file input-v3.cif (mmCIF, C-alpha atoms)
data_start
#
loop_
_atom_site.group_PDB
_atom_site.id
_atom_site.type_symbol
_atom_site.label_atom_id
_atom_site.label_comp_id
_atom_site.auth_asym_id
_atom_site.auth_seq_id
_atom_site.Cartn_x
_atom_site.Cartn_y
_atom_site.Cartn_z
ATOM 1 C CA MET A 1 -37.488 60.202 31.425
ATOM 2 C CA MET A 2 -33.777 59.583 31.922
ATOM 3 C CA TYR A 3 -33.823 57.187 28.958
ATOM 4 C CA LEU A 4 -35.373 59.928 26.775
ATOM 5 C CA VAL A 5 -32.774 62.483 27.882
ATOM 6 C CA ARG A 6 -29.966 60.029 27.188
ATOM 7 C CA SER A 7 -31.372 59.344 23.732
ATOM 8 C CA LEU A 8 -31.611 63.064 22.880
ATOM 9 C CA VAL A 9 -28.060 63.707 24.063
ATOM 10 C CA LEU A 10 -26.838 60.732 22.094
ATOM 11 C CA LEU A 11 -28.558 61.998 18.954
ATOM 12 C CA LEU A 12 -26.963 65.425 19.305
ATOM 13 C CA VAL A 13 -23.513 63.976 19.899
ATOM 14 C CA LEU A 14 -23.688 61.610 16.960
ATOM 15 C CA SER A 15 -24.858 64.301 14.561
ATOM 16 C CA SER A 16 -22.015 66.650 15.465
ATOM 17 C CA PRO A 17 -19.022 67.375 13.218
ATOM 18 C CA CYS A 18 -16.848 65.725 15.864
ATOM 19 C CA ALA A 19 -18.742 62.441 15.459
ATOM 20 C CA ARG A 20 -18.398 62.571 11.678
ATOM 21 C CA ALA A 21 -14.663 63.139 12.023
ATOM 22 C CA LEU A 22 -14.452 60.235 14.458
ATOM 23 C CA ALA A 23 -16.095 57.954 11.925
ATOM 24 C CA GLN A 24 -13.681 59.067 9.201
ATOM 25 C CA ASP A 25 -10.629 58.370 11.379
ATOM 26 C CA TYR A 26 -11.930 55.052 12.731
ATOM 27 C CA PRO A 27 -10.214 53.045 14.078
ATOM 28 C CA SER A 28 -7.376 55.054 15.566
ATOM 29 C CA ARG A 29 -6.765 52.902 18.643
ATOM 30 C CA PRO A 30 -7.245 49.285 19.811
ATOM 31 C CA ILE A 31 -10.767 47.845 19.871
ATOM 32 C CA THR A 32 -12.130 45.936 22.858
ATOM 33 C CA MET A 33 -14.231 42.866 22.109
ATOM 34 C CA ILE A 34 -16.169 41.746 25.165
ATOM 35 C CA VAL A 35 -16.964 38.063 25.567
ATOM 36 C CA PRO A 36 -19.517 37.457 28.355
ATOM 37 C CA PHE A 37 -18.016 34.062 29.228
ATOM 38 C CA SER A 38 -14.834 32.661 30.731
ATOM 39 C CA ALA A 39 -11.472 32.463 29.016
ATOM 40 C CA GLY A 40 -10.794 29.243 27.145
ATOM 41 C CA GLY A 41 -14.431 28.535 26.297
ATOM 42 C CA PRO A 42 -15.812 28.392 22.742
ATOM 43 C CA GLY A 43 -16.825 32.072 22.674
ATOM 44 C CA ASP A 44 -13.419 33.170 23.884
ATOM 45 C CA VAL A 45 -11.646 31.045 21.284
ATOM 46 C CA ILE A 46 -13.870 32.380 18.490
ATOM 47 C CA ALA A 47 -13.307 35.967 19.636
ATOM 48 C CA ARG A 48 -9.532 35.599 19.604
ATOM 49 C CA ILE A 49 -9.488 34.042 16.152
ATOM 50 C CA LEU A 50 -11.894 36.659 14.799
ATOM 51 C CA GLY A 51 -10.148 39.593 16.493
ATOM 52 C CA THR A 52 -6.763 38.581 15.143
ATOM 53 C CA THR A 53 -8.132 38.288 11.608
ATOM 54 C CA MET A 54 -10.149 41.528 11.680
ATOM 55 C CA SER A 55 -7.155 43.446 13.048
ATOM 56 C CA ALA A 56 -5.270 42.736 9.833
ATOM 57 C CA THR A 57 -7.904 44.699 7.893
ATOM 58 C CA LEU A 58 -8.492 47.470 10.420
ATOM 59 C CA LYS A 59 -4.770 47.916 11.240
ATOM 60 C CA GLN A 60 -5.585 47.991 14.940
ATOM 61 C CA SER A 61 -5.311 45.303 17.579
ATOM 62 C CA PHE A 62 -8.266 43.709 19.344
ATOM 63 C CA VAL A 63 -8.309 43.334 23.122
ATOM 64 C CA ILE A 64 -10.464 40.403 24.236
ATOM 65 C CA GLU A 65 -12.083 41.034 27.618
ATOM 66 C CA ASN A 66 -13.967 38.283 29.438
ATOM 67 C CA VAL A 67 -16.817 39.721 31.525
ATOM 68 C CA VAL A 68 -18.522 36.742 33.142
ATOM 69 C CA GLY A 69 -21.664 36.368 35.214
ATOM 70 C CA ALA A 70 -25.464 36.179 35.133
ATOM 71 C CA GLY A 71 -25.636 33.932 32.075
ATOM 72 C CA GLY A 72 -23.721 36.390 29.937
ATOM 73 C CA THR A 73 -25.929 39.381 30.731
ATOM 74 C CA LEU A 74 -23.250 41.265 32.699
ATOM 75 C CA GLY A 75 -20.897 41.492 29.742
ATOM 76 C CA THR A 76 -23.739 42.191 27.348
ATOM 77 C CA ASN A 77 -24.965 45.046 29.522
ATOM 78 C CA ARG A 78 -21.431 46.478 29.635
ATOM 79 C CA VAL A 79 -21.513 46.862 25.862
ATOM 80 C CA ALA A 80 -25.085 48.183 25.833
ATOM 81 C CA LYS A 81 -23.980 51.010 28.146
ATOM 82 C CA ALA A 82 -20.608 51.670 26.453
ATOM 83 C CA PRO A 83 -19.901 54.804 24.371
ATOM 84 C CA PRO A 84 -21.192 54.245 20.811
ATOM 85 C CA ASP A 85 -17.864 54.916 19.131
ATOM 86 C CA GLY A 86 -16.972 51.492 17.726
ATOM 87 C CA TYR A 87 -14.268 50.765 20.287
ATOM 88 C CA THR A 88 -16.336 48.404 22.437
ATOM 89 C CA LEU A 89 -17.899 45.414 20.695
ATOM 90 C CA LEU A 90 -19.800 42.346 21.873
ATOM 91 C CA LEU A 91 -19.418 38.778 20.676
ATOM 92 C CA MET A 92 -22.446 36.941 22.048
ATOM 93 C CA HIS A 93 -24.048 33.605 21.315
ATOM 94 C CA VAL A 94 -27.674 32.447 21.221
ATOM 95 C CA GLY A 95 -28.044 33.729 24.793
ATOM 96 C CA GLN A 96 -28.808 37.129 23.247
ATOM 97 C CA ALA A 97 -32.087 35.600 22.081
ATOM 98 C CA THR A 98 -32.967 33.606 25.199
ATOM 99 C CA ALA A 99 -32.313 36.330 27.785
ATOM 100 C CA PRO A 100 -35.777 37.986 27.477
ATOM 101 C CA ALA A 101 -37.489 34.706 28.415
ATOM 102 C CA LEU A 102 -35.034 33.794 31.182
ATOM 103 C CA TYR A 103 -34.672 37.104 33.045
ATOM 104 C CA ALA A 104 -37.580 39.129 34.392
ATOM 105 C CA LYS A 105 -35.697 42.426 34.610
ATOM 106 C CA LEU A 106 -33.062 42.668 31.898
ATOM 107 C CA PRO A 107 -31.039 45.910 32.140
ATOM 108 C CA PHE A 108 -30.894 46.116 28.334
ATOM 109 C CA ASP A 109 -32.969 45.472 25.228
ATOM 110 C CA PRO A 110 -31.285 42.640 23.264
ATOM 111 C CA VAL A 111 -32.358 44.252 19.974
ATOM 112 C CA GLY A 112 -32.973 47.933 20.613
ATOM 113 C CA ASP A 113 -29.829 48.683 22.621
ATOM 114 C CA PHE A 114 -27.409 47.422 19.971
ATOM 115 C CA SER A 115 -26.180 48.257 16.499
ATOM 116 C CA MET A 116 -25.924 44.971 14.627
ATOM 117 C CA ILE A 117 -22.750 44.096 12.745
ATOM 118 C CA GLY A 118 -23.362 40.534 11.573
ATOM 119 C CA LEU A 119 -23.498 36.840 12.302
ATOM 120 C CA VAL A 120 -20.153 35.077 12.671
ATOM 121 C CA THR A 121 -20.660 31.326 12.925
ATOM 122 C CA ASP A 122 -23.109 28.569 13.786
ATOM 123 C CA VAL A 123 -21.437 26.110 16.137
ATOM 124 C CA PRO A 124 -23.261 22.765 16.028
ATOM 125 C CA MET A 125 -24.031 20.938 19.253
ATOM 126 C CA ILE A 126 -23.244 17.263 19.850
ATOM 127 C CA LEU A 127 -25.297 14.953 22.042
ATOM 128 C CA VAL A 128 -22.975 12.607 23.948
ATOM 129 C CA THR A 129 -23.267 10.117 26.804
ATOM 130 C CA ARG A 130 -21.081 8.431 29.384
ATOM 131 C CA PRO A 131 -18.891 5.735 27.782
ATOM 132 C CA ASN A 132 -20.965 2.770 28.999
ATOM 133 C CA PHE A 133 -24.453 4.120 28.341
ATOM 134 C CA PRO A 134 -26.514 1.193 26.968
ATOM 135 C CA ALA A 135 -27.719 2.584 23.644
ATOM 136 C CA LYS A 136 -26.118 2.039 20.264
ATOM 137 C CA ASP A 137 -27.775 4.955 18.466
ATOM 138 C CA LEU A 138 -30.056 7.953 18.982
ATOM 139 C CA LYS A 139 -33.254 5.921 18.587
ATOM 140 C CA GLU A 140 -32.218 3.564 21.384
ATOM 141 C CA LEU A 141 -31.038 6.490 23.500
ATOM 142 C CA VAL A 142 -34.446 8.181 23.317
ATOM 143 C CA ALA A 143 -36.219 4.886 24.040
ATOM 144 C CA ARG A 144 -34.049 4.281 27.099
ATOM 145 C CA ILE A 145 -34.661 7.794 28.441
ATOM 146 C CA ARG A 146 -38.407 7.363 27.988
ATOM 147 C CA SER A 147 -38.419 4.023 29.797
ATOM 148 C CA ASP A 148 -36.411 5.416 32.706
ATOM 149 C CA GLY A 149 -38.674 8.426 33.254
ATOM 150 C CA ASP A 150 -36.658 11.227 34.844
ATOM 151 C CA LYS A 151 -33.841 9.009 36.128
ATOM 152 C CA THR A 152 -31.463 9.962 33.304
ATOM 153 C CA THR A 153 -29.100 12.732 34.393
ATOM 154 C CA TYR A 154 -28.139 15.595 32.140
ATOM 155 C CA GLY A 155 -25.163 17.953 32.481
ATOM 156 C CA ASN A 156 -26.206 21.601 32.535
ATOM 157 C CA VAL A 157 -23.895 24.601 32.768
ATOM 158 C CA GLY A 158 -26.631 26.917 34.027
ATOM 159 C CA LEU A 159 -29.332 29.348 33.033
ATOM 160 C CA GLY A 160 -29.024 30.453 29.419
ATOM 161 C CA SER A 161 -26.042 28.202 28.706
ATOM 162 C CA ALA A 162 -25.744 26.335 25.418
ATOM 163 C CA SER A 163 -26.005 23.019 27.261
ATOM 164 C CA GLN A 164 -29.254 24.059 28.942
ATOM 165 C CA LEU A 165 -30.772 25.244 25.666
ATOM 166 C CA CYS A 166 -29.766 22.056 23.877
ATOM 167 C CA GLY A 167 -31.310 20.008 26.684
ATOM 168 C CA LEU A 168 -34.554 21.975 26.494
ATOM 169 C CA MET A 169 -34.705 21.470 22.728
ATOM 170 C CA PHE A 170 -33.982 17.741 23.114
ATOM 171 C CA MET A 171 -36.716 17.271 25.743
ATOM 172 C CA SER A 172 -39.177 19.363 23.725
ATOM 173 C CA THR A 173 -38.480 17.380 20.560
ATOM 174 C CA THR A 174 -38.601 13.918 22.156
ATOM 175 C CA ASP A 175 -41.255 14.612 24.815
ATOM 176 C CA THR A 176 -38.929 13.311 27.518
ATOM 177 C CA LYS A 177 -37.792 14.484 30.936
ATOM 178 C CA LEU A 178 -34.151 14.659 32.068
ATOM 179 C CA THR A 179 -32.831 15.445 35.539
ATOM 180 C CA SER A 180 -30.373 18.332 35.399
ATOM 181 C CA VAL A 181 -27.042 18.240 37.207
ATOM 182 C CA TYR A 182 -25.598 21.742 37.365
ATOM 183 C CA TYR A 183 -21.950 22.665 36.762
ATOM 184 C CA LYS A 184 -19.951 25.875 36.860
ATOM 185 C CA GLY A 185 -18.444 25.273 33.446
ATOM 186 C CA GLY A 186 -18.356 23.005 30.420
ATOM 187 C CA GLY A 187 -14.999 21.501 31.371
ATOM 188 C CA PRO A 188 -16.186 19.961 34.662
ATOM 189 C CA ALA A 189 -19.398 18.739 33.020
ATOM 190 C CA LEU A 190 -17.518 17.050 30.194
ATOM 191 C CA ASN A 191 -15.090 15.495 32.679
ATOM 192 C CA ASP A 192 -18.007 13.954 34.585
ATOM 193 C CA VAL A 193 -19.382 12.493 31.359
ATOM 194 C CA LEU A 194 -15.989 10.937 30.671
ATOM 195 C CA ALA A 195 -15.875 9.573 34.225
ATOM 196 C CA GLY A 196 -19.397 8.171 33.946
ATOM 197 C CA HIS A 197 -20.863 10.332 36.715
ATOM 198 C CA ILE A 198 -23.647 11.771 34.524
ATOM 199 C CA ASP A 199 -25.521 10.136 31.677
ATOM 200 C CA VAL A 200 -26.069 12.713 28.946
ATOM 201 C CA TYR A 201 -24.514 15.983 27.896
ATOM 202 C CA CYS A 202 -24.962 18.304 24.920
ATOM 203 C CA ASP A 203 -22.108 20.655 24.170
ATOM 204 C CA PRO A 204 -20.843 22.825 21.319
ATOM 205 C CA ALA A 205 -18.797 20.647 18.991
ATOM 206 C CA THR A 206 -15.562 22.371 19.980
ATOM 207 C CA GLY A 207 -15.553 20.527 23.337
ATOM 208 C CA PRO A 208 -16.417 16.843 22.743
ATOM 209 C CA THR A 209 -14.771 16.481 19.320
ATOM 210 C CA PRO A 210 -11.337 15.192 20.493
ATOM 211 C CA HIS A 211 -12.983 12.755 22.935
ATOM 212 C CA ILE A 212 -15.268 11.355 20.253
ATOM 213 C CA GLN A 213 -12.300 11.046 17.909
ATOM 214 C CA SER A 214 -10.364 9.105 20.561
ATOM 215 C CA GLY A 215 -13.350 6.900 21.391
ATOM 216 C CA THR A 216 -13.570 7.874 25.057
ATOM 217 C CA ILE A 217 -17.179 9.033 24.649
ATOM 218 C CA LYS A 218 -19.801 8.371 22.005
ATOM 219 C CA GLY A 219 -21.440 11.042 19.880
ATOM 220 C CA TYR A 220 -25.064 10.190 19.091
ATOM 221 C CA ALA A 221 -26.051 13.136 16.917
ATOM 222 C CA ILE A 222 -24.820 16.469 15.708
ATOM 223 C CA THR A 223 -27.464 19.183 15.716
ATOM 224 C CA SER A 224 -26.660 20.797 12.395
ATOM 225 C CA LYS A 225 -28.096 20.134 8.955
ATOM 226 C CA GLN A 226 -24.814 18.660 7.698
ATOM 227 C CA ARG A 227 -22.156 16.439 9.214
ATOM 228 C CA VAL A 228 -18.927 18.082 10.274
ATOM 229 C CA PRO A 229 -15.690 17.021 8.547
ATOM 230 C CA THR A 230 -13.882 16.426 11.851
ATOM 231 C CA LEU A 231 -16.532 13.853 12.902
ATOM 232 C CA PRO A 232 -17.573 12.116 9.684
ATOM 233 C CA ASN A 233 -19.090 9.121 11.498
ATOM 234 C CA VAL A 234 -21.437 11.131 13.720
ATOM 235 C CA PRO A 235 -24.834 11.443 12.013
ATOM 236 C CA THR A 236 -26.926 14.585 12.010
ATOM 237 C CA ALA A 237 -30.024 14.502 14.185
ATOM 238 C CA ALA A 238 -32.130 14.338 11.009
ATOM 239 C CA GLU A 239 -30.181 11.338 9.743
ATOM 240 C CA ALA A 240 -30.593 9.681 13.143
ATOM 241 C CA GLY A 241 -34.377 10.085 12.976
ATOM 242 C CA LEU A 242 -34.925 13.342 14.889
ATOM 243 C CA PRO A 243 -35.085 16.170 12.296
ATOM 244 C CA ALA A 244 -36.714 18.654 14.696
ATOM 245 C CA PHE A 245 -33.695 18.461 17.020
ATOM 246 C CA ASP A 246 -32.050 21.422 15.307
ATOM 247 C CA VAL A 247 -30.085 23.821 17.503
ATOM 248 C CA THR A 248 -26.795 25.641 17.082
ATOM 249 C CA THR A 249 -24.779 27.935 19.291
ATOM 250 C CA TRP A 250 -24.710 30.823 16.860
ATOM 251 C CA TYR A 251 -22.565 33.897 17.487
ATOM 252 C CA GLY A 252 -23.214 37.495 16.468
ATOM 253 C CA LEU A 253 -21.102 40.648 16.613
ATOM 254 C CA TYR A 254 -22.652 43.814 18.054
ATOM 255 C CA ALA A 255 -21.834 47.434 18.873
ATOM 256 C CA PRO A 256 -23.716 49.800 21.210
ATOM 257 C CA ARG A 257 -26.858 51.422 19.823
ATOM 258 C CA GLY A 258 -26.130 54.677 18.047
ATOM 259 C CA THR A 259 -22.691 53.748 16.739
ATOM 260 C CA PRO A 260 -22.189 55.919 13.599
ATOM 261 C CA LYS A 261 -23.196 54.187 10.390
ATOM 262 C CA PRO A 262 -19.779 54.714 8.739
ATOM 263 C CA VAL A 263 -18.143 52.948 11.693
ATOM 264 C CA ILE A 264 -20.611 50.064 11.422
ATOM 265 C CA ALA A 265 -19.933 49.866 7.676
ATOM 266 C CA THR A 266 -16.199 49.640 8.377
ATOM 267 C CA LEU A 267 -16.741 46.850 10.903
ATOM 268 C CA VAL A 268 -19.081 44.947 8.580
ATOM 269 C CA ALA A 269 -16.492 45.076 5.797
ATOM 270 C CA ALA A 270 -13.763 43.891 8.177
ATOM 271 C CA LEU A 271 -15.983 41.060 9.452
ATOM 272 C CA GLN A 272 -16.817 39.864 5.956
ATOM 273 C CA THR A 273 -13.157 39.989 4.926
ATOM 274 C CA ALA A 274 -12.182 38.022 8.033
ATOM 275 C CA LEU A 275 -14.760 35.312 7.415
ATOM 276 C CA LYS A 276 -13.254 34.667 3.970
ATOM 277 C CA ASP A 277 -9.687 34.504 5.272
ATOM 278 C CA PRO A 278 -8.215 31.009 4.621
ATOM 279 C CA ALA A 279 -6.487 30.923 8.017
ATOM 280 C CA LEU A 280 -9.742 31.661 9.856
ATOM 281 C CA VAL A 281 -11.686 29.151 7.761
ATOM 282 C CA SER A 282 -9.067 26.497 8.504
ATOM 283 C CA ARG A 283 -8.948 27.232 12.226
ATOM 284 C CA PHE A 284 -12.749 27.213 12.477
ATOM 285 C CA GLY A 285 -12.769 23.900 10.623
ATOM 286 C CA GLU A 286 -10.423 22.363 13.163
ATOM 287 C CA LEU A 287 -12.995 23.296 15.817
ATOM 288 C CA SER A 288 -15.879 21.625 13.928
ATOM 289 C CA MET A 289 -17.504 24.870 12.786
ATOM 290 C CA ALA A 290 -17.530 27.177 9.789
ATOM 291 C CA PRO A 291 -17.993 30.906 9.181
ATOM 292 C CA VAL A 292 -21.418 31.995 7.984
ATOM 293 C CA LYS A 293 -21.961 32.897 4.365
ATOM 294 C CA GLN A 294 -21.432 36.532 3.413
ATOM 295 C CA ASP A 295 -25.130 37.348 3.155
ATOM 296 C CA ARG A 296 -25.556 36.462 6.837
ATOM 297 C CA ALA A 297 -22.619 38.581 8.001
ATOM 298 C CA THR A 298 -24.683 41.760 7.754
ATOM 299 C CA PRO A 299 -26.614 43.947 10.220
ATOM 300 C CA GLU A 300 -29.927 43.182 8.507
ATOM 301 C CA ALA A 301 -29.410 39.418 8.607
ATOM 302 C CA LEU A 302 -28.368 39.442 12.259
ATOM 303 C CA GLU A 303 -31.340 41.531 13.364
ATOM 304 C CA ALA A 304 -33.870 39.404 11.476
ATOM 305 C CA PHE A 305 -32.331 36.197 12.790
ATOM 306 C CA LEU A 306 -32.155 37.507 16.363
ATOM 307 C CA ARG A 307 -35.832 38.503 16.356
ATOM 308 C CA ALA A 308 -36.836 35.074 15.024
ATOM 309 C CA GLU A 309 -34.705 33.316 17.638
ATOM 310 C CA ILE A 310 -36.227 35.400 20.457
ATOM 311 C CA ASP A 311 -39.685 34.224 19.376
ATOM 312 C CA LYS A 312 -38.603 30.585 18.999
ATOM 313 C CA TRP A 313 -36.802 30.263 22.322
ATOM 314 C CA GLY A 314 -39.509 32.199 24.130
ATOM 315 C CA ARG A 315 -41.990 29.475 23.189
ATOM 316 C CA ILE A 316 -39.623 26.613 24.093
ATOM 317 C CA ILE A 317 -38.642 28.077 27.473
ATOM 318 C CA LYS A 318 -42.261 28.816 28.379
ATOM 319 C CA ALA A 319 -43.335 25.300 27.400
ATOM 320 C CA ALA A 320 -40.584 23.896 29.638
ATOM 321 C CA GLY A 321 -42.121 25.693 32.595
ATOM 322 C CA ILE A 322 -39.056 27.815 33.301
ATOM 323 C CA GLU A 323 -40.003 31.009 35.121
ATOM 324 C CA PRO A 324 -37.978 34.200 34.439
ATOM 325 C CA GLN A 325 -35.533 34.957 37.233
#

call {"tool": "encode", "arguments": {"input": "input-v3.cif", "output": "structure tokens"}}
result
Amino acid sequence: MMYLVRSLVLLLVLSSPCARALAQDYPSRPITMIVPFSAGGPGDVIARILGTTMSATLKQSFVIENVVGAGGTLGTNRVAKAPPDGYTLLLMHVGQATAPALYAKLPFDPVGDFSMIGLVTDVPMILVTRPNFPAKDLKELVARIRSDGDKTTYGNVGLGSASQLCGLMFMSTTDTKLTSVYYKGGGPALNDVLAGHIDVYCDPATGPTPHIQSGTIKGYAITSKQRVPTLPNVPTAAEAGLPAFDVTTWYGLYAPRGTPKPVIATLVAALQTALKDPALVSRFGELSMAPVKQDRATPEALEAFLRAEIDKWGRIIKAAGIEPQ
């Protein structure tokens, strides 16, 4: 009942002359972009690059706010409940699609409670191991894991994290079992790989790239369809013999449900302009990723992709025997 009342009030507010005037004047003050993860991580870095570039078009600054906790659902819920005026946005990764299968009582609808703006980037994952792991390539790595049963340890940054999802996809694709070792963040997990304390880790390319370049860890496969220029010697999973091992940490930009269509149109235009900006393209390239093509940086493309990802990850998570929390 309360949800229905809120929806009716929202409809009345958004159809008022005041709302139309708001849309015409938008933006007239700084915009907050919420990132549901800690400062310094891949999502935070992407948000700061994107916010800086979009601000040049919108003539307003972007304030990046890190709202951490509960696998990203705390920050996501903050945006779902924010006023639909275009001044509170969400930059969220693939966790937007996995949350329904991982949490029994989500306080928001990942699709219905948001106005889509567009996809931003697909960050490929890289499967790495401790420096002295006895496998020269991905084929030998899989064979070794199979022969060892569940003795191989795998770094995992927690429920809904990119590392967990990559591990689930790897085990599903190879029909293997890994023993998870949980960490509070990607930095500590990567440090333990470097120190040889855990065997395997799968992380967005932004993290392991410098260590692979320096030779301190070995990259076995990158989980995108093409190699990345910063790591030309790391094969794709398909090239290494595992084409079904295809997973990226994709990021989308969202506003609260009911944000006026003219405001959304303004944000879509600013996003598409930003993703063509040479400085952004260059900076993304340094981090082993690239902006999506223009036809994916749209509300329609994001919604269709999100729905497909919810279905895909729902099946994978259920098959892994993970019960919603």

call {"tool": "closest_residue", "arguments": {"input": "input-v3.cif", "among": "A:Ala320, A:Thr153, A:Leu280, A:Ala240", "to": "Ala56 of chain A", "atoms": "all atoms listed in the file"}}
result
A:Leu280

call {"tool": "resolve_selection", "arguments": {"input": "input-v3.cif", "expression": "the PyMOL selection byres ((chain A and resi 226) around 10)", "output": "list in words"}}
result
Pro124, Ile222, Thr223, Ser224, Lys225, Arg227, Val228, Pro229, Pro232, Pro235, Thr236, Ala237, Ala238 and Glu239 of chain A

call {"tool": "resolve_selection", "arguments": {"input": "input-v3.cif", "expression": "the PyMOL selection byres ((chain A and resi 62) around 7)", "output": "list of chain:residue names"}}
result
A:Pro30, A:Ile31, A:Thr32, A:Met33, A:Gly51, A:Thr52, A:Ser55, A:Gln60, A:Ser61, A:Val63, A:Ile64

call {"tool": "residues_around", "arguments": {"input": "input-v3.cif", "residues": "Trp250 of chain A", "least_positions_apart": "6", "cutoff": "7 Å", "atoms": "only C-alpha atoms", "output": "short mmCIF file (atom, residue, chain, number, x, y, z; two decimals) with C-alpha atoms, in the coordinates of the input"}}
result
data_model
loop_
_atom_site.label_atom_id
_atom_site.label_comp_id
_atom_site.auth_asym_id
_atom_site.auth_seq_id
_atom_site.Cartn_x
_atom_site.Cartn_y
_atom_site.Cartn_z
CA HIS A 93 -24.05 33.60 21.32
CA VAL A 94 -27.67 32.45 21.22
CA THR A 121 -20.66 31.33 12.92
CA ASP A 122 -23.11 28.57 13.79
CA VAL A 123 -21.44 26.11 16.14
#

call {"tool": "atom_distance", "arguments": {"input": "input-v3.cif", "atom1": "atom CA of Leu231 of chain A", "atom2": "atom CA of Ile316 of chain A"}}
result
28.7 Å

call {"tool": "atom_distance", "arguments": {"input": "input-v3.cif", "atom1": "atom CA of Ala135 of chain A", "atom2": "atom CA of Ser161 of chain A"}}
result
26.2 Å

call {"tool": "residues_near_point", "arguments": {"input": "input-v3.cif", "point": "(-33.6, 35.1, 21.7)", "cutoff": "6 Å", "atoms": "all atoms listed in the file", "output": "mmCIF file with C-alpha atoms, in the coordinates of the input"}}
result
data_model
loop_
_atom_site.group_PDB
_atom_site.id
_atom_site.type_symbol
_atom_site.label_atom_id
_atom_site.label_comp_id
_atom_site.auth_asym_id
_atom_site.auth_seq_id
_atom_site.Cartn_x
_atom_site.Cartn_y
_atom_site.Cartn_z
ATOM 1 C CA GLN A 96 -28.808 37.129 23.247
ATOM 2 C CA ALA A 97 -32.087 35.600 22.081
ATOM 3 C CA THR A 98 -32.967 33.606 25.199
ATOM 4 C CA GLU A 309 -34.705 33.316 17.638
ATOM 5 C CA ILE A 310 -36.227 35.400 20.457
ATOM 6 C CA TRP A 313 -36.802 30.263 22.322
#

call {"tool": "resolve_selection", "arguments": {"input": "input-v3.cif", "expression": "the PyMOL selection byres ((chain A and resi 92) around 6)", "output": "PyMOL selection string"}}
result
chain A and resi 91+93+251-252

call {"tool": "atom_distance", "arguments": {"input": "input-v3.cif", "atom1": "atom CA of Pro110 of chain A", "atom2": "atom CA of Gly86 of chain A"}}
result
17.7 Å

call {"tool": "residues_around", "arguments": {"input": "input-v3.cif", "residues": "Ile198 of chain A", "least_positions_apart": "5", "cutoff": "10 Å", "atoms": "only C-alpha atoms", "output": "ChimeraX atom specification"}}
result
/A:129-130,133,152-155,179-181,189-193

call {"tool": "closest_residue", "arguments": {"input": "input-v3.cif", "among": "A:Ala301, A:Leu138, A:Val128, A:Ala195", "to": "Lys218 of chain A", "atoms": "only C-alpha atoms"}}
result
A:Val128

call {"tool": "closest_atom_pairs", "arguments": {"input": "input-v3.cif", "of": "segment 38-115 of chain A", "to": "segment 199-209 of chain A", "cutoff": "12 Å", "atoms": "all atoms listed in the file", "output": "JSON lines"}}
result
{"residue": "A:Gly40", "atom": "CA", "partner": "A:Gly207", "partner_atom": "CA", "distance": 10.6}
{"residue": "A:Gly41", "atom": "CA", "partner": "A:Gly207", "partner_atom": "CA", "distance": 8.6}
{"residue": "A:Pro42", "atom": "CA", "partner": "A:Thr206", "partner_atom": "CA", "distance": 6.6}
{"residue": "A:Gly43", "atom": "CA", "partner": "A:Thr206", "partner_atom": "CA", "distance": 10.1}
{"residue": "A:Asp44", "atom": "CA", "partner": "A:Thr206", "partner_atom": "CA", "distance": 11.7}
{"residue": "A:Val45", "atom": "CA", "partner": "A:Thr206", "partner_atom": "CA", "distance": 9.6}
{"residue": "A:Ile46", "atom": "CA", "partner": "A:Thr206", "partner_atom": "CA", "distance": 10.3}
{"residue": "A:His93", "atom": "CA", "partner": "A:Pro204", "partner_atom": "CA", "distance": 11.2}
{"residue": "A:Val94", "atom": "CA", "partner": "A:Pro204", "partner_atom": "CA", "distance": 11.8}
